[in-house]
$ cat query35.cif   # mmCIF, C-alpha atoms
data_my_file
#
loop_
_atom_site.label_atom_id
_atom_site.label_comp_id
_atom_site.auth_asym_id
_atom_site.auth_seq_id
_atom_site.Cartn_x
_atom_site.Cartn_y
_atom_site.Cartn_z
CA MET A 1 90.58 111.72 140.30
CA SER A 2 92.42 114.12 138.03
CA SER A 3 91.26 114.88 134.54
CA PRO A 4 93.38 113.99 131.50
CA ALA A 5 94.18 117.68 131.11
CA GLN A 6 96.00 117.63 134.44
CA PHE A 7 98.39 114.92 133.26
CA ARG A 8 101.70 116.64 132.56
CA SER A 9 105.38 115.84 132.32
CA HIS A 10 108.44 117.81 131.29
CA GLU A 11 108.50 116.13 127.86
CA SER A 12 104.83 115.50 127.10
CA VAL A 13 101.98 117.93 127.14
CA SER A 14 98.36 116.90 127.28
CA VAL A 15 95.41 119.06 126.50
CA ARG A 16 91.71 118.67 126.85
CA ASP A 17 90.17 120.25 123.76
CA SER A 18 86.63 119.38 124.82
CA PRO A 19 84.90 117.01 127.24
CA ARG A 20 85.08 114.38 124.48
CA THR A 21 88.65 114.94 123.27
CA ALA A 22 92.02 114.61 124.97
CA ALA A 23 95.47 114.86 123.39
CA LEU A 24 99.05 114.17 124.36
CA ASN A 25 102.23 115.30 122.62
CA LEU A 26 105.03 112.74 122.46
CA TRP A 27 108.65 113.39 121.56
CA GLY A 28 109.85 109.83 121.05
CA SER A 29 111.40 108.61 124.30
CA ARG A 30 110.72 105.14 125.72
CA GLU A 31 109.26 106.65 128.89
CA GLU A 32 106.58 108.32 126.84
CA PHE A 33 105.07 104.99 125.78
CA ALA A 34 104.33 104.38 129.45
CA GLN A 35 102.96 107.93 129.71
CA ALA A 36 100.75 107.36 126.66
CA ARG A 37 99.37 104.16 128.20
CA ASP A 38 98.75 105.91 131.53
CA PHE A 39 97.17 108.87 129.72
CA THR A 40 94.84 106.50 127.85
CA HIS A 41 93.85 104.68 131.06
CA ARG A 42 93.19 107.96 132.88
CA THR A 43 91.21 109.46 130.02
CA LEU A 44 89.00 106.38 129.65
CA ASP A 45 88.52 106.29 133.40
CA CYS A 46 87.26 109.90 133.30
CA TRP A 47 84.90 108.93 130.48
CA SER A 48 83.68 105.81 132.36
CA LEU A 49 85.09 103.57 129.62
CA ASN A 50 87.31 101.33 131.73
CA HIS A 51 85.92 98.31 129.88
CA CYS A 52 87.64 99.63 126.71
CA SER A 53 91.02 100.30 128.30
CA ASP A 54 92.89 97.13 127.36
CA ASP A 55 92.09 97.36 123.66
CA ALA A 56 92.59 101.13 123.54
CA VAL A 57 95.95 100.95 125.30
CA THR A 58 97.13 98.23 122.92
CA VAL A 59 96.02 100.24 119.87
CA VAL A 60 97.57 103.47 121.18
CA THR A 61 100.84 101.70 121.92
CA GLU A 62 101.01 100.18 118.43
CA LEU A 63 100.13 103.43 116.63
CA ALA A 64 102.53 105.52 118.72
CA ALA A 65 105.34 102.97 118.32
CA ASN A 66 104.89 102.96 114.55
CA ALA A 67 105.03 106.77 114.45
CA VAL A 68 108.12 106.98 116.64
CA LEU A 69 109.97 104.14 114.90
CA HIS A 70 109.12 105.01 111.31
CA ALA A 71 108.28 108.73 111.16
CA LEU A 72 110.46 110.55 113.68
CA PRO A 73 113.84 109.28 112.46
CA HIS A 74 113.12 110.96 109.10
CA ALA A 75 111.71 114.21 110.49
CA SER A 76 113.52 117.52 110.78
CA ALA A 77 114.44 118.83 114.23
CA ASP A 78 111.44 121.16 114.40
CA GLU A 79 109.01 118.32 113.54
CA LEU A 80 110.11 115.80 116.18
CA ARG A 81 106.68 115.38 117.67
CA VAL A 82 103.90 112.81 117.59
CA ARG A 83 100.41 113.74 118.74
CA LEU A 84 98.07 111.23 120.33
CA ARG A 85 94.40 112.18 120.33
CA LEU A 86 91.52 110.29 121.92
CA THR A 87 88.04 111.33 120.85
CA LEU A 88 84.73 109.97 122.04
CA ARG A 89 82.31 109.87 119.10
CA GLY A 90 78.92 108.43 119.93
CA SER A 91 79.42 104.70 120.33
CA HIS A 92 83.10 104.75 119.29
CA LEU A 93 86.43 105.80 120.69
CA MET A 94 88.79 107.16 118.06
CA CYS A 95 92.48 106.68 118.80
CA ALA A 96 94.55 108.81 116.42
CA VAL A 97 98.29 109.39 116.15
CA THR A 98 99.61 112.21 113.97
CA ASP A 99 103.22 112.30 112.84
CA PRO A 100 105.28 114.49 110.48
CA SER A 101 105.99 111.78 107.88
CA ASP A 102 104.29 111.62 104.49
CA SER A 103 105.05 107.88 104.24
CA LEU A 104 101.84 105.91 104.54
CA PRO A 105 101.60 103.00 106.97
CA VAL A 106 102.69 99.67 105.54
CA TYR A 107 100.43 96.73 106.22
CA PRO A 108 102.81 93.77 106.02
CA HIS A 109 101.62 90.66 104.22
CA THR A 110 103.70 87.97 105.83
CA GLY A 111 102.89 84.44 106.82
CA ASP A 112 105.59 84.27 109.52
CA ALA A 113 103.78 84.67 112.84
CA LEU A 114 107.09 84.53 114.74
CA LEU A 115 108.53 87.75 113.32
CA GLU A 116 109.46 90.26 116.01
CA HIS A 117 108.25 93.29 114.03
CA GLY A 118 105.49 93.91 111.53
CA ARG A 119 102.41 92.78 113.46
CA GLY A 120 101.31 96.18 114.82
CA LEU A 121 98.75 97.05 112.17
CA HIS A 122 97.41 93.48 112.24
CA ILE A 123 96.77 93.98 115.97
CA VAL A 124 95.16 97.38 115.35
CA GLU A 125 92.92 95.84 112.68
CA ALA A 126 91.91 92.96 114.96
CA LEU A 127 90.94 95.23 117.87
CA SER A 128 89.17 98.01 115.96
CA GLU A 129 86.00 98.17 113.91
CA HIS A 130 87.67 100.51 111.41
CA TRP A 131 91.16 101.89 110.95
CA GLY A 132 92.94 103.95 108.34
CA TRP A 133 94.99 107.04 107.71
CA THR A 134 94.53 110.60 106.54
CA ARG A 135 97.15 112.81 104.91
CA ARG A 136 97.81 116.12 106.64
CA CYS A 137 98.57 119.43 104.92
CA PRO A 138 101.20 120.61 104.35
CA ALA A 139 102.90 117.39 105.52
CA GLY A 140 102.38 114.36 107.69
CA LYS A 141 99.61 111.92 108.34
CA THR A 142 97.20 110.72 111.00
CA VAL A 143 96.73 106.99 111.54
CA TRP A 144 93.49 106.25 113.37
CA ALA A 145 91.45 103.39 114.73
CA MET A 146 87.83 103.37 115.90
CA LEU A 147 87.00 101.07 118.80
CA PRO A 148 83.44 100.31 119.91
CA THR A 149 82.57 101.62 123.36
CA ARG A 150 79.64 99.32 124.06
CA ARG A 151 80.18 96.60 126.62
CA ARG A 152 80.77 93.16 125.22
CA PRO A 153 78.58 90.31 126.48
#
$ encode --input "query35.cif" --output "structure tokens"
Amino acid sequence: MSSPAQFRSHESVSVRDSPRTAALNLWGSREEFAQARDFTHRTLDCWSLNHCSDDAVTVVTELAANAVLHALPHASADELRVRLRLTLRGSHLMCAVTDPSDSLPVYPHTGDALLEHGRGLHIVEALSEHWGWTRRCPAGKTVWAMLPTRRRP
């Protein structure tokens, strides 16, 4: 099986910073959501964390979609990039998406469960033990979620 670092495409670039970190650059196309999901599956397979794949893929998809939909349309041409990073930290998997926008994520407070949009961060919150965001200098932010890696009974 190939390592996450060997996963490449003409639009996305993945790197393996360490045995416990893997990253993928996204430029905002629809095809890249499929690449991000595949990248997450492959990375977790290499780390023997297949039991975490469904939740991690869902979280990665939601975080990446938020970044592409809300951050990239307002970015300058030289900032049109979103970075997905997966990091294994002890008993947690950190899924982090960095984008060029300074706008913080909006956690919608709506009672309408049938809305088409606005449920992403609710899903992230439900699947993770912790989630949040960090401002980046000089600009941008990272939205992250920590998922437990222990097997559920």
$ residues_around --input "query35.cif" --residues "segment 86-94 of chain A" --least-positions-apart "6" --cutoff "10 Å" --atoms "only C-alpha atoms" --output "list in words"
Arg16, Asp17, Ser18, Pro19, Arg20, Thr21, Ala22, Ala23, Leu24, Phe39, Thr40, Thr43, Leu44, Trp47, Leu49, Cys52, Ala56, Val60, Ser128, Glu129, His130, Trp131, Trp144, Ala145, Met146, Leu147, Pro148, Thr149 and Arg150 of chain A
$ atom_distance --input "query35.cif" --atom1 "atom CA of Val82 of chain A" --atom2 "atom CA of His122 of chain A"
21.1 Å
$ closest_residue --input "query35.cif" --among "A:Asn50, A:Thr134, A:Ser29, A:Thr142" --to "Ala65 of chain A" --atoms "only C-alpha atoms"
A:Ser29
$ atom_distance --input "query35.cif" --atom1 "atom CA of Val68 of chain A" --atom2 "atom CA of Asp45 of chain A"
25.8 Å
$ closest_residue --input "query35.cif" --among "A:His51, A:Ala126, A:Asp99, A:Asp38" --to "Arg152 of chain A" --atoms "only C-alpha atoms"
A:His51
$ atom_distance --input "query35.cif" --atom1 "atom CA of Gly140 of chain A" --atom2 "atom CA of Gly28 of chain A"
16.0 Å
$ closest_residue --input "query35.cif" --among "A:Glu32, A:Glu62, A:Glu125, A:Asp55" --to "Arg81 of chain A" --atoms "only C-alpha atoms"
A:Glu32
$ closest_residue --input "query35.cif" --among "A:Ala36, A:Leu104, A:Leu26, A:Val59" --to "Arg135 of chain A" --atoms "only C-alpha atoms"
A:Leu104
$ residues_around --input "query35.cif" --residues "Lys141 of chain A" --least-positions-apart "2" --cutoff "7 Å" --atoms "only C-alpha atoms" --output "PDB file with C-alpha atoms, keeping the file's coordinate frame"
ATOM      1  CA  THR A  98      99.610 112.210 113.970  1.00  0.00           C
ATOM      2  CA  ASP A  99     103.220 112.300 112.840  1.00  0.00           C
ATOM      3  CA  PRO A 100     105.280 114.490 110.480  1.00  0.00           C
ATOM      4  CA  SER A 101     105.990 111.780 107.880  1.00  0.00           C
ATOM      5  CA  ASP A 102     104.290 111.620 104.490  1.00  0.00           C
ATOM      6  CA  TRP A 133      94.990 107.040 107.710  1.00  0.00           C
ATOM      7  CA  THR A 134      94.530 110.600 106.540  1.00  0.00           C
ATOM      8  CA  ARG A 135      97.150 112.810 104.910  1.00  0.00           C
ATOM      9  CA  ARG A 136      97.810 116.120 106.640  1.00  0.00           C
ATOM     10  CA  ALA A 139     102.900 117.390 105.520  1.00  0.00           C
ATOM     11  CA  VAL A 143      96.730 106.990 111.540  1.00  0.00           C
TER      12      VAL A 143
END
$ axis_aligned_box --input "query35.cif" --around "segment 132-136 of chain A" --padding-each-side "3 Å" --output "lines of an AutoDock Vina configuration file"
center_x = 95.4
center_y = 110.0
center_z = 106.6
size_x = 10.9
size_y = 18.2
size_z = 9.4
$ closest_residue --input "query35.cif" --among "A:Cys137, A:Cys95, A:Gly132, A:Leu127" --to "Arg83 of chain A" --atoms "only C-alpha atoms"
A:Cys95
